[in-house]
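Shown next: final_24.cif, containing mmCIF, C-alpha atoms.
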```
data_upload
#
loop_
_atom_site.label_atom_id
_atom_site.label_comp_id
_atom_site.auth_asym_id
_atom_site.auth_seq_id
_atom_site.Cartn_x
_atom_site.Cartn_y
_atom_site.Cartn_z
CA MET A 1 -14.17 -36.99 -16.90
CA GLU A 2 -12.31 -39.67 -18.75
CA THR A 3 -14.28 -42.46 -20.46
CA GLY A 4 -12.86 -45.07 -18.12
CA THR A 5 -14.18 -43.14 -15.14
CA HIS A 6 -17.66 -43.10 -16.68
CA GLU A 7 -17.45 -46.83 -17.29
CA ASP A 8 -16.35 -47.48 -13.71
CA ALA A 9 -19.25 -45.38 -12.40
CA ALA A 10 -21.75 -47.31 -14.53
CA MET A 11 -20.28 -50.65 -13.47
CA ALA A 12 -20.69 -49.71 -9.80
CA PHE A 13 -24.22 -48.39 -10.34
CA ASP A 14 -25.80 -51.02 -12.59
CA PRO A 15 -25.90 -53.92 -10.06
CA LEU A 16 -27.68 -51.58 -7.61
CA ARG A 17 -30.27 -50.30 -10.11
CA PRO A 18 -32.93 -53.03 -9.48
CA ARG A 19 -32.81 -52.46 -5.72
CA LEU A 20 -32.98 -48.69 -6.15
CA ILE A 21 -35.99 -49.05 -8.44
CA ARG A 22 -37.68 -51.20 -5.78
CA VAL A 23 -37.20 -48.42 -3.23
CA ALA A 24 -38.45 -45.74 -5.62
CA TYR A 25 -41.45 -47.74 -6.80
CA ARG A 26 -42.61 -48.41 -3.25
CA MET A 27 -42.28 -44.70 -2.48
CA LEU A 28 -44.04 -43.48 -5.64
CA ALA A 29 -46.26 -46.42 -6.76
CA SER A 30 -45.35 -45.63 -10.36
CA VAL A 31 -42.93 -47.66 -12.46
CA ALA A 32 -42.21 -44.78 -14.85
CA ASP A 33 -41.62 -42.29 -12.01
CA ALA A 34 -39.39 -44.79 -10.21
CA GLU A 35 -37.27 -45.31 -13.32
CA ASP A 36 -36.99 -41.53 -13.84
CA VAL A 37 -35.86 -41.02 -10.23
CA VAL A 38 -33.25 -43.76 -10.47
CA GLN A 39 -31.96 -42.33 -13.74
CA GLU A 40 -31.64 -38.91 -12.08
CA ALA A 41 -29.73 -40.59 -9.23
CA PHE A 42 -27.40 -42.12 -11.82
CA ILE A 43 -26.73 -38.71 -13.37
CA ARG A 44 -25.90 -37.33 -9.93
CA TRP A 45 -23.69 -40.34 -9.24
CA MET A 46 -21.71 -39.59 -12.39
CA GLY A 47 -21.03 -36.06 -11.11
CA THR A 48 -20.12 -37.12 -7.57
CA ASP A 49 -16.64 -37.43 -6.14
CA ARG A 50 -17.02 -41.18 -5.85
CA ALA A 51 -13.64 -41.65 -4.18
CA ALA A 52 -15.15 -39.93 -1.13
CA VAL A 53 -18.16 -42.29 -1.00
CA ARG A 54 -17.51 -45.15 1.45
CA GLU A 55 -20.79 -47.02 0.85
CA PRO A 56 -22.18 -46.51 -2.67
CA GLU A 57 -25.43 -48.39 -1.98
CA ALA A 58 -26.26 -46.31 1.11
CA PHE A 59 -25.31 -43.11 -0.73
CA LEU A 60 -27.52 -43.95 -3.71
CA ARG A 61 -30.39 -45.12 -1.50
CA ARG A 62 -30.30 -41.74 0.27
CA THR A 63 -30.24 -39.94 -3.07
CA VAL A 64 -33.18 -41.93 -4.43
CA THR A 65 -35.25 -41.50 -1.25
CA ARG A 66 -34.71 -37.73 -1.21
CA LEU A 67 -35.65 -37.46 -4.88
CA CYS A 68 -38.82 -39.46 -4.14
CA LEU A 69 -39.73 -37.18 -1.23
CA ASP A 70 -39.44 -34.23 -3.62
CA GLN A 71 -41.75 -35.95 -6.12
CA ILE A 72 -44.45 -37.12 -3.71
CA LYS A 73 -45.98 -33.66 -3.32
CA SER A 74 -46.63 -33.26 -7.05
CA ALA A 75 -47.76 -36.89 -7.32
CA ARG A 76 -50.38 -36.32 -4.62
CA HIS A 77 -51.64 -33.25 -6.45
CA ARG A 78 -52.08 -35.33 -9.61
CA ARG A 79 -54.06 -37.92 -7.65
CA GLU A 80 -56.38 -35.26 -6.24
CA THR A 81 -57.51 -34.52 -9.82
CA TYR A 82 -57.42 -38.16 -10.96
CA VAL A 83 -60.54 -39.45 -12.71
CA GLY A 84 -62.16 -42.28 -10.74
CA GLN A 85 -60.37 -44.65 -8.39
CA TRP A 86 -56.57 -44.58 -8.18
CA LEU A 87 -54.53 -47.78 -7.90
CA PRO A 88 -50.74 -48.29 -8.02
CA GLU A 89 -49.25 -49.35 -11.32
CA PRO A 90 -49.29 -53.16 -11.45
CA VAL A 91 -46.00 -55.00 -11.16
CA VAL A 92 -46.00 -58.62 -12.32
CA ALA A 93 -43.50 -60.67 -10.31
CA GLU A 94 -41.22 -63.22 -11.86
CA GLU A 95 -41.71 -66.80 -10.68
CA GLU A 96 -38.87 -66.71 -8.16
CA GLU A 97 -39.64 -63.31 -6.67
CA GLU A 98 -41.41 -62.75 -3.38
CA GLU A 99 -43.17 -59.40 -2.99
CA ASP A 100 -42.44 -57.57 0.25
CA VAL A 101 -45.08 -54.87 -0.21
CA THR A 102 -48.49 -56.06 -1.39
CA LEU A 103 -51.08 -53.91 -3.12
CA PRO A 104 -53.26 -53.34 -0.01
CA LEU A 105 -50.16 -52.21 1.89
CA MET A 106 -49.23 -49.83 -0.93
CA LEU A 107 -52.68 -48.27 -0.70
CA ALA A 108 -52.24 -47.91 3.06
CA LEU A 109 -48.85 -46.24 2.52
CA GLU A 110 -50.59 -43.58 0.43
CA ARG A 111 -52.34 -42.37 3.59
CA LEU A 112 -49.06 -41.76 5.41
CA SER A 113 -47.03 -38.58 5.42
CA PRO A 114 -44.01 -38.73 3.06
CA LEU A 115 -41.57 -38.98 5.99
CA GLU A 116 -43.60 -41.73 7.66
CA ARG A 117 -43.64 -43.66 4.40
CA ALA A 118 -39.90 -43.28 3.94
CA ALA A 119 -39.09 -44.33 7.53
CA PHE A 120 -41.40 -47.36 7.37
CA LEU A 121 -40.20 -48.60 3.98
CA LEU A 122 -36.52 -48.10 4.68
CA HIS A 123 -36.60 -49.71 8.12
CA ASP A 124 -39.39 -52.31 8.03
CA VAL A 125 -39.10 -53.38 4.39
CA PHE A 126 -35.47 -52.79 3.42
CA GLY A 127 -33.86 -53.24 6.83
CA VAL A 128 -32.06 -49.89 6.91
CA GLY A 129 -30.84 -48.68 10.31
CA PHE A 130 -32.28 -45.55 11.90
CA ASP A 131 -28.93 -43.73 11.77
CA GLU A 132 -28.94 -43.93 7.98
CA ILE A 133 -32.65 -43.06 7.82
CA ALA A 134 -31.98 -40.01 10.02
CA GLU A 135 -29.28 -38.82 7.63
CA THR A 136 -31.56 -39.47 4.65
CA VAL A 137 -34.60 -37.53 5.88
CA ARG A 138 -32.60 -35.02 7.93
CA ARG A 139 -34.18 -35.89 11.28
CA ASP A 140 -32.60 -37.37 14.39
CA PRO A 141 -32.78 -41.17 14.91
CA ALA A 142 -35.33 -40.90 17.75
CA ALA A 143 -37.70 -38.92 15.51
CA CYS A 144 -37.25 -41.54 12.76
CA ARG A 145 -38.17 -44.31 15.20
CA GLN A 146 -41.37 -42.42 16.01
CA LEU A 147 -42.13 -41.93 12.32
CA ALA A 148 -41.75 -45.67 11.67
CA ALA A 149 -43.81 -46.58 14.73
CA ARG A 150 -46.68 -44.27 13.68
CA ALA A 151 -46.57 -45.66 10.17
CA ARG A 152 -46.59 -49.23 11.49
CA SER A 153 -49.74 -48.59 13.53
CA HIS A 154 -51.51 -47.06 10.52
CA VAL A 155 -50.72 -49.89 8.11
CA ARG A 156 -51.11 -52.82 10.53
CA GLU A 157 -54.51 -53.85 9.13
CA ALA A 158 -53.17 -53.87 5.57
CA ARG A 159 -50.48 -56.45 6.34
CA PRO A 160 -51.66 -60.05 5.88
CA ARG A 161 -51.98 -61.98 9.13
CA TYR A 162 -51.39 -65.32 7.44
CA ARG A 163 -49.26 -65.97 4.38
CA LEU A 164 -51.29 -67.52 1.55
CA GLU A 165 -49.50 -70.42 -0.10
CA LYS A 166 -48.57 -69.18 -3.55
CA GLN A 167 -49.95 -72.08 -5.60
CA ARG A 168 -53.21 -72.00 -3.66
CA GLY A 169 -53.61 -68.34 -4.50
CA LEU A 170 -52.91 -68.93 -8.18
CA ASP A 171 -55.41 -71.80 -8.23
CA ILE A 172 -58.09 -69.47 -6.81
CA ALA A 173 -57.16 -66.84 -9.41
CA SER A 174 -57.53 -69.40 -12.21
CA ALA A 175 -60.92 -70.53 -10.86
CA PHE A 176 -62.05 -66.89 -10.57
CA PHE A 177 -61.07 -66.18 -14.18
CA ALA A 178 -62.90 -69.26 -15.46
CA ALA A 179 -66.09 -68.56 -13.47
CA SER A 180 -66.17 -64.82 -14.23
CA ARG A 181 -65.71 -65.34 -17.98
CA SER A 182 -68.14 -68.26 -18.29
CA GLY A 183 -70.83 -66.65 -16.13
CA ASP A 184 -70.85 -69.40 -13.49
CA MET A 185 -72.27 -67.26 -10.68
CA THR A 186 -72.66 -70.21 -8.31
CA ALA A 187 -68.94 -70.99 -8.45
CA LEU A 188 -68.08 -67.29 -8.32
CA GLY A 189 -70.31 -66.61 -5.33
CA ALA A 190 -68.70 -69.45 -3.38
CA MET A 191 -65.30 -67.74 -3.72
CA LEU A 192 -66.40 -64.31 -2.50
CA ALA A 193 -66.46 -63.03 1.07
CA ALA A 194 -69.73 -61.37 2.13
CA ASP A 195 -68.06 -57.93 2.26
CA VAL A 196 -65.93 -58.34 -0.88
CA SER A 197 -65.07 -55.10 -2.67
CA ILE A 198 -64.11 -54.26 -6.26
CA HIS A 199 -61.67 -51.44 -7.01
CA SER A 200 -61.11 -50.54 -10.66
CA ASP A 201 -58.83 -47.91 -12.16
CA GLY A 202 -59.57 -46.68 -15.66
CA GLY A 203 -57.95 -43.26 -15.28
CA GLY A 204 -60.67 -41.72 -17.44
CA LYS A 205 -59.24 -43.63 -20.43
CA ARG A 206 -61.37 -46.79 -20.17
CA ILE A 207 -64.66 -47.62 -18.47
CA ALA A 208 -64.29 -48.35 -14.74
CA ALA A 209 -66.45 -47.95 -11.64
CA PRO A 210 -65.91 -44.44 -10.18
CA LYS A 211 -66.22 -45.76 -6.62
CA PRO A 212 -65.61 -49.13 -4.94
CA ILE A 213 -68.37 -51.72 -5.30
CA VAL A 214 -68.95 -53.42 -1.95
CA GLY A 215 -70.77 -56.63 -1.03
CA ARG A 216 -71.20 -60.07 -2.57
CA ASP A 217 -74.60 -59.30 -4.12
CA HIS A 218 -73.43 -56.11 -5.83
CA THR A 219 -70.26 -57.84 -7.01
CA LEU A 220 -72.20 -60.76 -8.50
CA LYS A 221 -74.59 -58.37 -10.22
CA LEU A 222 -71.66 -56.63 -11.91
CA GLN A 223 -69.94 -59.91 -12.78
CA ARG A 224 -73.16 -61.26 -14.29
CA ALA A 225 -73.35 -58.25 -16.63
CA LEU A 226 -69.66 -58.48 -17.49
CA ALA A 227 -69.91 -62.20 -18.26
CA VAL A 228 -72.41 -61.41 -21.04
CA LEU A 229 -69.89 -58.99 -22.56
CA TYR A 230 -67.01 -61.45 -22.15
CA ARG A 231 -68.92 -64.18 -23.97
CA LYS A 232 -69.93 -61.81 -26.75
CA TYR A 233 -66.68 -59.93 -27.29
CA GLY A 234 -64.01 -62.13 -25.69
CA SER A 235 -61.40 -61.83 -22.96
CA THR A 236 -58.16 -63.74 -23.44
CA LEU A 237 -56.00 -64.97 -20.56
CA VAL A 238 -52.37 -63.90 -21.01
CA ARG A 239 -51.05 -65.42 -17.80
CA THR A 240 -51.88 -66.22 -14.20
CA CYS A 241 -49.31 -64.62 -11.90
CA LEU A 242 -48.59 -62.52 -8.82
CA ILE A 243 -49.52 -58.85 -9.23
CA ASN A 244 -48.09 -56.58 -6.55
CA GLY A 245 -47.79 -59.62 -4.32
CA LEU A 246 -51.38 -60.79 -4.84
CA PRO A 247 -52.52 -63.76 -6.95
CA GLY A 248 -54.23 -62.65 -10.13
CA PHE A 249 -54.08 -62.66 -13.90
CA VAL A 250 -53.33 -60.55 -16.94
CA THR A 251 -55.89 -60.52 -19.77
CA ARG A 252 -56.19 -59.04 -23.23
CA GLU A 253 -59.63 -57.49 -23.48
CA ALA A 254 -61.90 -57.01 -26.49
CA ASP A 255 -60.52 -53.52 -27.19
CA GLY A 256 -57.02 -54.99 -27.51
CA GLU A 257 -55.79 -53.46 -24.25
CA LEU A 258 -54.22 -55.34 -21.37
CA GLN A 259 -55.96 -55.57 -18.01
CA THR A 260 -54.71 -56.89 -14.66
CA THR A 261 -56.88 -58.38 -11.94
CA ALA A 262 -55.37 -58.93 -8.48
CA LEU A 263 -57.20 -60.80 -5.72
CA GLU A 264 -56.81 -60.20 -2.00
CA ILE A 265 -57.60 -63.52 -0.29
CA ALA A 266 -58.22 -64.34 3.37
CA ASP A 267 -59.35 -67.73 4.71
CA ASP A 268 -59.64 -69.00 1.12
CA GLN A 269 -62.18 -66.31 0.23
CA ILE A 270 -61.70 -63.28 -2.00
CA VAL A 271 -62.07 -60.13 0.11
CA ALA A 272 -61.03 -57.56 -2.52
CA ILE A 273 -60.62 -57.41 -6.29
CA TYR A 274 -58.26 -54.83 -7.83
CA ILE A 275 -58.67 -54.25 -11.57
CA MET A 276 -56.26 -52.06 -13.53
CA ARG A 277 -57.65 -50.82 -16.85
CA ASN A 278 -55.78 -47.54 -17.33
CA PRO A 279 -53.59 -48.10 -20.42
CA ASP A 280 -51.12 -45.44 -19.26
CA LYS A 281 -50.28 -47.64 -16.27
CA MET A 282 -49.84 -50.77 -18.39
CA ARG A 283 -47.15 -49.62 -20.81
CA HIS A 284 -44.33 -51.32 -18.91
CA LEU A 285 -46.22 -54.64 -19.17
CA ASN A 286 -46.40 -54.41 -22.95
#
```
Produce structure tokens that represent the structure in this file.
Amino acid sequence: METGTHEDAAMAFDPLRPRLIRVAYRMLASVADAEDVVQEAFIRWMGTDRAAVREPEAFLRRTVTRLCLDQIKSARHRRETYVGQWLPEPVVAEEEEEEDVTLPLMLALERLSPLERAAFLLHDVFGVGFDEIAETVRRDPAACRQLAARARSHVREARPRYRLEKQRGLDIASAFFAASRSGDMTALGAMLAADVSIHSDGGGKRIAAPKPIVGRDHTLKLQRALAVLYRKYGSTLVRTCLINGLPGFVTREADGELQTTALEIADDQIVAIYIMRNPDKMRHLN
């Protein structure tokens, strides 16, 4: 191909790259894997007869989705041998961004079949019509409607019933950070729901609970022990922000590594705490 043709292909592709990465990340829950898939889609785009492509965005979305479906099988195998609890890689939203798929919903998507996940994300999240979805996953439109409907019923509980006002969520995250680092268990206890749970992902690289910790008393017991370590060795706040659509914060811990803490909040109480400690999943944040 001539250089100009390559440049034209890149100019058509580059504005679509962020949206394609959003699709791939929600399918794979890995920033690195999503970027690899989108780069592979770009390589294929360069070798395509682009004059025959009527809708580049739809064409590339199909390509990315199919590549993701191919990857999901190997990704699930890796998670079966994963050390400890598995959480999606954290994505820190910019101030103006609104997250359409929150962390609890991403965890619920992991329990779906690959085709159910694709149909749900493409239709319910990205607004793609069932005719295009049918062409993407090589099923008829009626079957795709059923896939999306089944997925919807499975993830219904993971979708927030009431939208938490953003600033209110960030205020709760700031208060949680202050109380957990200072050891103010009275303030901390007042923020926690009775059945609060802690989910921490260390990936075998850093210390993390191998299973979820459930209940206010167990959570406070752990936080009390951690507060002693925080006061002795330090834990520096990098920023308060939205992490996978949930209010939370990024910290630099005593070992020099980053850590993210995301809070699921309902009725002004924290119902789940998601802590990412695996350094392999934090590289994109650095």
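Of the residues under consideration (A:Arg138, A:Arg283, A:Lys221, A:Arg252), A:Arg252 shows the shortest atom-to-atom contact distance to Gly234 (chain A) when counting all atoms listed in the file.
The space between CA of Val238 (chain A) and CA of Glu257 (chain A) spans 11.5 Å.
Against this structure, the PyMOL selection byres ((chain A and resi 194-206) around 7) ends up with A:Tyr82, A:Val83, A:Gly84, A:Gln85, A:Trp86, A:Leu87, A:Leu192, A:Ala193, A:Ile207, A:Ala208, A:Ala209, A:Pro212, A:Ile213, A:Val214, A:Gly215, A:Arg216, A:Ile270, A:Val271, A:Ala272, A:Ile273, A:Tyr274, A:Ile275, A:Met276, A:Arg277, A:Asn278.
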Using the chain letters and numbers from the file, give me the residues hit by the PyMOL selection byres ((chain A and resi 173-186) around 6), as a PyMOL selection string.
-> chain A and resi 170-172+187-189+227+230+248
Give me the result of the PyMOL selection byres ((chain A and resi 114) around 12) on this file, residue by residue, as a ChimeraX atom specification.
-> /A:26-28,65-76,109-113,115-121,137,147-148,151
Could you write those residues out with C-alpha atoms, as a tab-separated table (two decimals), in the frame of the given file?
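Resulting contents of again.tsv:
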```
chain	number	residue	atom	x	y	z
A	26	ARG	CA	-42.61	-48.41	-3.25
A	27	MET	CA	-42.28	-44.70	-2.48
A	28	LEU	CA	-44.04	-43.48	-5.64
A	65	THR	CA	-35.25	-41.50	-1.25
A	66	ARG	CA	-34.71	-37.73	-1.21
A	67	LEU	CA	-35.65	-37.46	-4.88
A	68	CYS	CA	-38.82	-39.46	-4.14
A	69	LEU	CA	-39.73	-37.18	-1.23
A	70	ASP	CA	-39.44	-34.23	-3.62
A	71	GLN	CA	-41.75	-35.95	-6.12
A	72	ILE	CA	-44.45	-37.12	-3.71
A	73	LYS	CA	-45.98	-33.66	-3.32
A	74	SER	CA	-46.63	-33.26	-7.05
A	75	ALA	CA	-47.76	-36.89	-7.32
A	76	ARG	CA	-50.38	-36.32	-4.62
A	109	LEU	CA	-48.85	-46.24	2.52
A	110	GLU	CA	-50.59	-43.58	0.43
A	111	ARG	CA	-52.34	-42.37	3.59
A	112	LEU	CA	-49.06	-41.76	5.41
A	113	SER	CA	-47.03	-38.58	5.42
A	115	LEU	CA	-41.57	-38.98	5.99
A	116	GLU	CA	-43.60	-41.73	7.66
A	117	ARG	CA	-43.64	-43.66	4.40
A	118	ALA	CA	-39.90	-43.28	3.94
A	119	ALA	CA	-39.09	-44.33	7.53
A	120	PHE	CA	-41.40	-47.36	7.37
A	121	LEU	CA	-40.20	-48.60	3.98
A	137	VAL	CA	-34.60	-37.53	5.88
A	147	LEU	CA	-42.13	-41.93	12.32
A	148	ALA	CA	-41.75	-45.67	11.67
A	151	ALA	CA	-46.57	-45.66	10.17
```
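Going from CA of Ile43 (chain A) over to CA of Ala134 (chain A), you cover 24.0 Å.
One finds CA of Val37 (chain A) at 21.8 Å from CA of Asp124 (chain A).
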Centre, edges in Å (one decimal): axis-aligned box, region 32-36 of chain A, 4 Å padding on all six sides, as lines of an AutoDock Vina configuration file:
```
center_x = -39.6
center_y = -43.4
center_z = -12.5
size_x = 13.2
size_y = 11.8
size_z = 12.6
```
Which polymer residues have any atom within 8 Å of an atom of Leu105 (chain A), counting only C-alpha atoms, with same-chain residues fewer than 2 positions away left out, as a ChimeraX atom specification?
-> /A:101-103,107-109,155,158-159
Residues at most 12 Å from region 45-49 of chain A, counting all atoms listed in the file, excluding those fewer than 4 positions away in the same chain, as a PyMOL selection string?
-> chain A and resi 1-14+17+38-41+53-54+56-57+59-64
Render region 20-37 of chain A from the structure in the preceding block as a file of N, CA, C and O atoms, as a tab-separated table (two decimals), in the first residue's frame.
```
chain	number	residue	atom	x	y	z
A	20	LEU	N	-13.59	1.87	20.90
A	20	LEU	CA	-13.30	0.44	20.72
A	20	LEU	C	-12.64	-0.14	21.97
A	20	LEU	O	-12.92	-1.28	22.35
A	21	ILE	N	-11.78	0.64	22.61
A	21	ILE	CA	-11.16	0.17	23.84
A	21	ILE	C	-12.21	0.01	24.94
A	21	ILE	O	-12.15	-0.93	25.74
A	22	ARG	N	-13.20	0.89	24.97
A	22	ARG	CA	-14.28	0.76	25.96
A	22	ARG	C	-15.03	-0.55	25.76
A	22	ARG	O	-15.36	-1.24	26.73
A	23	VAL	N	-15.32	-0.89	24.50
A	23	VAL	CA	-16.00	-2.16	24.22
A	23	VAL	C	-15.13	-3.33	24.68
A	23	VAL	O	-15.58	-4.24	25.39
A	24	ALA	N	-13.85	-3.31	24.29
A	24	ALA	CA	-12.96	-4.42	24.60
A	24	ALA	C	-12.72	-4.56	26.10
A	24	ALA	O	-12.69	-5.68	26.63
A	25	TYR	N	-12.57	-3.43	26.79
A	25	TYR	CA	-12.33	-3.51	28.23
A	25	TYR	C	-13.52	-4.10	28.95
A	25	TYR	O	-13.38	-4.91	29.88
A	26	ARG	N	-14.73	-3.73	28.55
A	26	ARG	CA	-15.92	-4.25	29.22
A	26	ARG	C	-16.14	-5.73	28.90
A	26	ARG	O	-16.75	-6.45	29.68
A	27	MET	N	-15.61	-6.19	27.78
A	27	MET	CA	-15.68	-7.61	27.46
A	27	MET	C	-14.63	-8.40	28.24
A	27	MET	O	-14.89	-9.50	28.70
A	28	LEU	N	-13.43	-7.83	28.40
A	28	LEU	CA	-12.28	-8.58	28.92
A	28	LEU	C	-11.88	-8.20	30.34
A	28	LEU	O	-11.14	-8.94	30.99
A	29	ALA	N	-12.30	-7.03	30.83
A	29	ALA	CA	-11.97	-6.54	32.17
A	29	ALA	C	-10.47	-6.39	32.38
A	29	ALA	O	-9.99	-6.46	33.49
A	30	SER	N	-9.74	-6.19	31.30
A	30	SER	CA	-8.30	-5.99	31.37
A	30	SER	C	-7.91	-4.87	30.42
A	30	SER	O	-8.21	-4.95	29.21
A	31	VAL	N	-7.26	-3.85	30.93
A	31	VAL	CA	-6.84	-2.73	30.10
A	31	VAL	C	-5.82	-3.18	29.07
A	31	VAL	O	-5.93	-2.86	27.87
A	32	ALA	N	-4.83	-3.96	29.51
A	32	ALA	CA	-3.78	-4.41	28.59
A	32	ALA	C	-4.36	-5.29	27.48
A	32	ALA	O	-4.02	-5.13	26.31
A	33	ASP	N	-5.24	-6.23	27.84
A	33	ASP	CA	-5.85	-7.11	26.84
A	33	ASP	C	-6.72	-6.31	25.87
A	33	ASP	O	-6.75	-6.58	24.67
A	34	ALA	N	-7.44	-5.31	26.41
A	34	ALA	CA	-8.28	-4.48	25.55
A	34	ALA	C	-7.43	-3.71	24.54
A	34	ALA	O	-7.77	-3.63	23.35
A	35	GLU	N	-6.31	-3.17	25.00
A	35	GLU	CA	-5.44	-2.42	24.08
A	35	GLU	C	-4.84	-3.34	23.03
A	35	GLU	O	-4.71	-2.96	21.86
A	36	ASP	N	-4.49	-4.57	23.42
A	36	ASP	CA	-3.94	-5.54	22.46
A	36	ASP	C	-4.97	-5.89	21.40
A	36	ASP	O	-4.65	-5.99	20.20
A	37	VAL	N	-6.22	-6.11	21.82
A	37	VAL	CA	-7.29	-6.46	20.89
A	37	VAL	C	-7.52	-5.31	19.90
A	37	VAL	O	-7.67	-5.54	18.69
```
